[in-house]
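Notes to accompany the following structure.
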Amino acid sequence: MKIAFLFPGQGAQALQMGKDLYDEYPEYRKIYDEVYKITGIDVAKITFEDEEKLNQTKYTQICILTMSLAILELLKKENIEADELSGLSLGEYSALIHSGKISFEDGVKAIKIRGELMQDLAPKGDWAMSAIIGLDENLLREACKKVTTGFVDLANFNSPDQIAISGEKEAVLEAMENAKALGARKAVLLKTSGPFHTKMLKEASENLKKELEKIEFKEFKINVVKNLDGKKYSENDNMPNLLAKHIISPVRFVESIKTMLEDGIDTFIEVGPGKTLSSFVRKTNPNVKIFYINNKATLEDTVKTIKSL
């Protein structure tokens, strides 16, 4: 059995996510306490009580990261470890922290800054993202080019039949209609609030790079498959440059899944809120074992099943 941990990104958040884990396990609560000490952000209070803040980018990212890292503590206690790691967008930071490439403290600080920059330095406007299902890349590009009301571009290549677009809300809505006219089965608005993974975040990207250059990047203890091209990071990679480029470039998550499958990964565990990444894996290869952990029941079921394999 070869295991990959997958870490979700923005849009997976939900009020009270992980509350039963927080109530049950001291190891889980300890991560929330440590994040609070590092950032001054009361992640537990926001996650469990304040949906408005939870959906603001500068809080969403740190809340999702904290939940993923807290679940990892519970997996560590059960001696369940991964052979490879990957995450969607901000989820890549959970992977980098768990891999040892970035320290816990530096990774938490980086996500706090990343969330703030992506919210505060996004151009003014009404932004949106949408998942387009059942339309290939070329036709979706055509749907976006036909838009007459502002900026929209392809942002996330999630699975063989799902690509997300990002841009000005009016343009996104028009592209959604164009996509359906060209044969898309479905087009759904996502729970995000910025022109993520497009050139519109250039200023945020440049500022993030300066902050990342202050971080000491160490050696990988576990391989991480990156969003930019779906290939594994190497020790020689310029991490500040790649992670800054990350927020203005499309997420190639489907390519990441294919790389892990080629490496012999046969068991995927999604670590964090939601189960969206599990569905992306299932659409890419329905024959592998897929688990997700986002509450006490799914933790117990996953641990029991993995240990029985």
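So you can find residues: chains in the structure tokens are A, B, ... in the order shown, residues in each start at 1, and ligands are numbered from 1 in order.
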- request: Name the residues of range 54-269 of chain A that fall into helix (DSSP H, G or I) according to DSSP on the backbone, using the chain letters and numbers of this document, as a PyMOL selection string.
  value: chain A and resi 54+57-77+91-99+104-120+137-145+169-181+199-212+239-246+253-262
message: So that I can see what lies close to range 166-178 of chain A, please list as a list in words the residues with an atom at most 8 Å from it, counting only C-alpha atoms and leaving out residues fewer than 2 positions away in the same chain.
response: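 So, after excluding close chain neighbours, the residues are Gly125, Asp126, Trp127, Ala128, Met129, Ser130, Ile132, Ala143, Cys144, Lys146, Val147, Thr148, Thr149, Gly150, Phe151, Val152, Asp153, Leu154, Ala155, Ala164, Lys180, Ala181, Leu182, Ala187, Gly194, Pro195, Phe196, His197 and Thr198 of chain A.
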Keeping only N, CA and C atoms, write the selected residues as an mmCIF file, in the first residue's frame.
data_model
loop_
_atom_site.group_PDB
_atom_site.id
_atom_site.type_symbol
_atom_site.label_atom_id
_atom_site.label_comp_id
_atom_site.auth_asym_id
_atom_site.auth_seq_id
_atom_site.Cartn_x
_atom_site.Cartn_y
_atom_site.Cartn_z
ATOM 1 N N GLY A 125 -13.181 45.290 -6.930
ATOM 2 C CA GLY A 125 -14.187 44.759 -7.845
ATOM 3 C C GLY A 125 -14.939 43.609 -7.215
ATOM 4 N N ASP A 126 -15.853 43.069 -7.964
ATOM 5 C CA ASP A 126 -16.674 41.953 -7.517
ATOM 6 C C ASP A 126 -16.162 40.704 -8.225
ATOM 7 N N TRP A 127 -15.436 39.845 -7.483
ATOM 8 C CA TRP A 127 -14.749 38.708 -8.087
ATOM 9 C C TRP A 127 -15.454 37.396 -7.769
ATOM 10 N N ALA A 128 -15.237 36.414 -8.617
ATOM 11 C CA ALA A 128 -15.882 35.111 -8.408
ATOM 12 C C ALA A 128 -15.069 34.009 -9.080
ATOM 13 N N MET A 129 -15.351 32.764 -8.667
ATOM 14 C CA MET A 129 -14.824 31.587 -9.351
ATOM 15 C C MET A 129 -15.986 30.637 -9.619
ATOM 16 N N SER A 130 -15.854 29.854 -10.664
ATOM 17 C CA SER A 130 -16.900 28.890 -11.003
ATOM 18 C C SER A 130 -16.276 27.584 -11.476
ATOM 19 N N ILE A 132 -16.614 24.526 -13.906
ATOM 20 C CA ILE A 132 -17.285 24.126 -15.148
ATOM 21 C C ILE A 132 -17.077 22.625 -15.329
ATOM 22 N N ALA A 143 -15.229 29.763 -24.576
ATOM 23 C CA ALA A 143 -16.318 30.357 -23.793
ATOM 24 C C ALA A 143 -15.852 31.624 -23.081
ATOM 25 N N CYS A 144 -14.624 31.611 -22.576
ATOM 26 C CA CYS A 144 -14.078 32.782 -21.871
ATOM 27 C C CYS A 144 -13.752 33.910 -22.850
ATOM 28 N N LYS A 146 -15.266 34.623 -25.539
ATOM 29 C CA LYS A 146 -16.507 35.240 -26.037
ATOM 30 C C LYS A 146 -17.110 36.250 -25.058
ATOM 31 N N VAL A 147 -16.574 36.294 -23.836
ATOM 32 C CA VAL A 147 -17.126 37.180 -22.805
ATOM 33 C C VAL A 147 -16.914 38.641 -23.198
ATOM 34 N N THR A 148 -17.937 39.442 -23.008
ATOM 35 C CA THR A 148 -17.890 40.868 -23.403
ATOM 36 C C THR A 148 -17.872 41.803 -22.196
ATOM 37 N N THR A 149 -17.897 41.249 -20.980
ATOM 38 C CA THR A 149 -18.105 42.100 -19.795
ATOM 39 C C THR A 149 -16.997 41.973 -18.761
ATOM 40 N N GLY A 150 -15.741 42.051 -19.170
ATOM 41 C CA GLY A 150 -14.667 42.060 -18.181
ATOM 42 C C GLY A 150 -13.746 40.864 -18.286
ATOM 43 N N PHE A 151 -12.948 40.658 -17.219
ATOM 44 C CA PHE A 151 -11.868 39.672 -17.216
ATOM 45 C C PHE A 151 -12.323 38.334 -16.644
ATOM 46 N N VAL A 152 -11.965 37.251 -17.329
ATOM 47 C CA VAL A 152 -12.155 35.899 -16.822
ATOM 48 C C VAL A 152 -11.123 34.995 -17.482
ATOM 49 N N ASP A 153 -10.619 34.000 -16.716
ATOM 50 C CA ASP A 153 -9.618 33.097 -17.278
ATOM 51 C C ASP A 153 -9.715 31.742 -16.584
ATOM 52 N N LEU A 154 -9.091 30.720 -17.191
ATOM 53 C CA LEU A 154 -9.046 29.394 -16.592
ATOM 54 C C LEU A 154 -8.100 29.425 -15.391
ATOM 55 N N ALA A 155 -8.515 28.772 -14.294
ATOM 56 C CA ALA A 155 -7.740 28.883 -13.060
ATOM 57 C C ALA A 155 -7.333 27.545 -12.451
ATOM 58 N N ALA A 164 -11.990 25.024 -13.223
ATOM 59 C CA ALA A 164 -12.550 26.228 -12.603
ATOM 60 C C ALA A 164 -12.063 27.465 -13.343
ATOM 61 N N LYS A 180 -22.143 26.547 -20.957
ATOM 62 C CA LYS A 180 -23.313 25.664 -21.050
ATOM 63 C C LYS A 180 -23.823 25.587 -22.492
ATOM 64 N N ALA A 181 -23.734 26.718 -23.188
ATOM 65 C CA ALA A 181 -24.162 26.730 -24.600
ATOM 66 C C ALA A 181 -23.245 25.870 -25.465
ATOM 67 N N LEU A 182 -21.990 25.742 -25.033
ATOM 68 C CA LEU A 182 -21.020 24.934 -25.789
ATOM 69 C C LEU A 182 -21.012 23.470 -25.351
ATOM 70 N N ALA A 187 -22.392 24.270 -14.411
ATOM 71 C CA ALA A 187 -21.512 25.390 -14.057
ATOM 72 C C ALA A 187 -21.958 25.902 -12.694
ATOM 73 N N GLY A 194 -12.041 36.126 -4.732
ATOM 74 C CA GLY A 194 -10.978 36.873 -5.411
ATOM 75 C C GLY A 194 -10.635 36.247 -6.747
ATOM 76 N N PRO A 195 -9.865 36.969 -7.595
ATOM 77 C CA PRO A 195 -9.469 36.438 -8.911
ATOM 78 C C PRO A 195 -8.265 35.511 -8.781
ATOM 79 N N PHE A 196 -8.448 34.450 -7.989
ATOM 80 C CA PHE A 196 -7.328 33.583 -7.632
ATOM 81 C C PHE A 196 -6.787 32.820 -8.844
ATOM 82 N N HIS A 197 -5.471 32.632 -8.824
ATOM 83 C CA HIS A 197 -4.747 31.895 -9.860
ATOM 84 C C HIS A 197 -4.882 32.541 -11.243
ATOM 85 N N THR A 198 -4.910 33.877 -11.224
ATOM 86 C CA THR A 198 -4.869 34.641 -12.471
ATOM 87 C C THR A 198 -3.880 35.790 -12.315
#
Which residues of range 121-160 of chain A come within 12 Å of range 73-89 of chain A, and for each one, what is the closest pair of atoms and their distance in Å to one decimal, counting only C-alpha atoms, sorted by chain and residue number, as a Markdown table?
| residue | atom | partner | partner_atom | distance |
| --- | --- | --- | --- | --- |
| A:Ala155 | CA | A:Ser89 | CA | 10.6 |
| A:Asn156 | CA | A:Leu88 | CA | 9.0 |
| A:Phe157 | CA | A:Leu88 | CA | 10.2 |
| A:Asn158 | CA | A:Leu88 | CA | 8.8 |
| A:Ser159 | CA | A:Leu88 | CA | 11.8 |
task: Tell me, as a VMD selection string, which residues lie within 6 Å of Val225 in chain A, counting only C-alpha atoms; anything in the same chain fewer than 4 positions away does not count.
output: chain A and resid 86 231 to 232 256
N, CA and C atoms of the current selection, written as a CSV table (one decimal), in the first residue's frame:
chain,number,residue,atom,x,y,z
A,86,SER,N,0.2,16.2,-1.5
A,86,SER,CA,-0.2,17.2,-2.4
A,86,SER,C,-1.3,18.0,-1.9
A,231,LYS,N,4.2,18.2,-11.1
A,231,LYS,CA,5.5,17.4,-10.9
A,231,LYS,C,5.9,17.5,-9.5
A,232,LYS,N,6.8,16.6,-9.1
A,232,LYS,CA,7.3,16.7,-7.7
A,232,LYS,C,8.3,17.8,-7.6
A,256,SER,N,-1.3,16.6,-11.0
A,256,SER,CA,-0.7,16.1,-9.7
A,256,SER,C,-1.2,14.7,-9.4
query: When you draw a straight line from CA of Lys218 in chain A to CA of Ile41 in chain A, how long is it in Å?
result: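 Taking CA of Lys218 in chain A and CA of Ile41 in chain A, their separation equals 26.3 Å.
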- prompt: For Phe48 in chain A, which of A:Tyr28, A:Tyr36, A:Tyr22, A:Phe7 is the closest residue, counting only C-alpha atoms?
  reply: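 Once distances to Phe48 in chain A are computed over only C-alpha atoms, the minimum belongs to A:Tyr22.
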- prompt: Nearest to Ile97 in chain A: which of A:Lys30, A:Lys209, A:Lys186, A:Lys221 is it, counting only C-alpha atoms?
  reply: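 Smallest distance to Ile97 in chain A is found for A:Lys221.
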message: Counting only C-alpha atoms, which residue out of A:Asn55, A:Ala131, A:Thr284, A:Glu213 sits closest to Gln13 in chain A?
response: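 Using only C-alpha atoms, Gln13 in chain A sits closest to A:Asn55.
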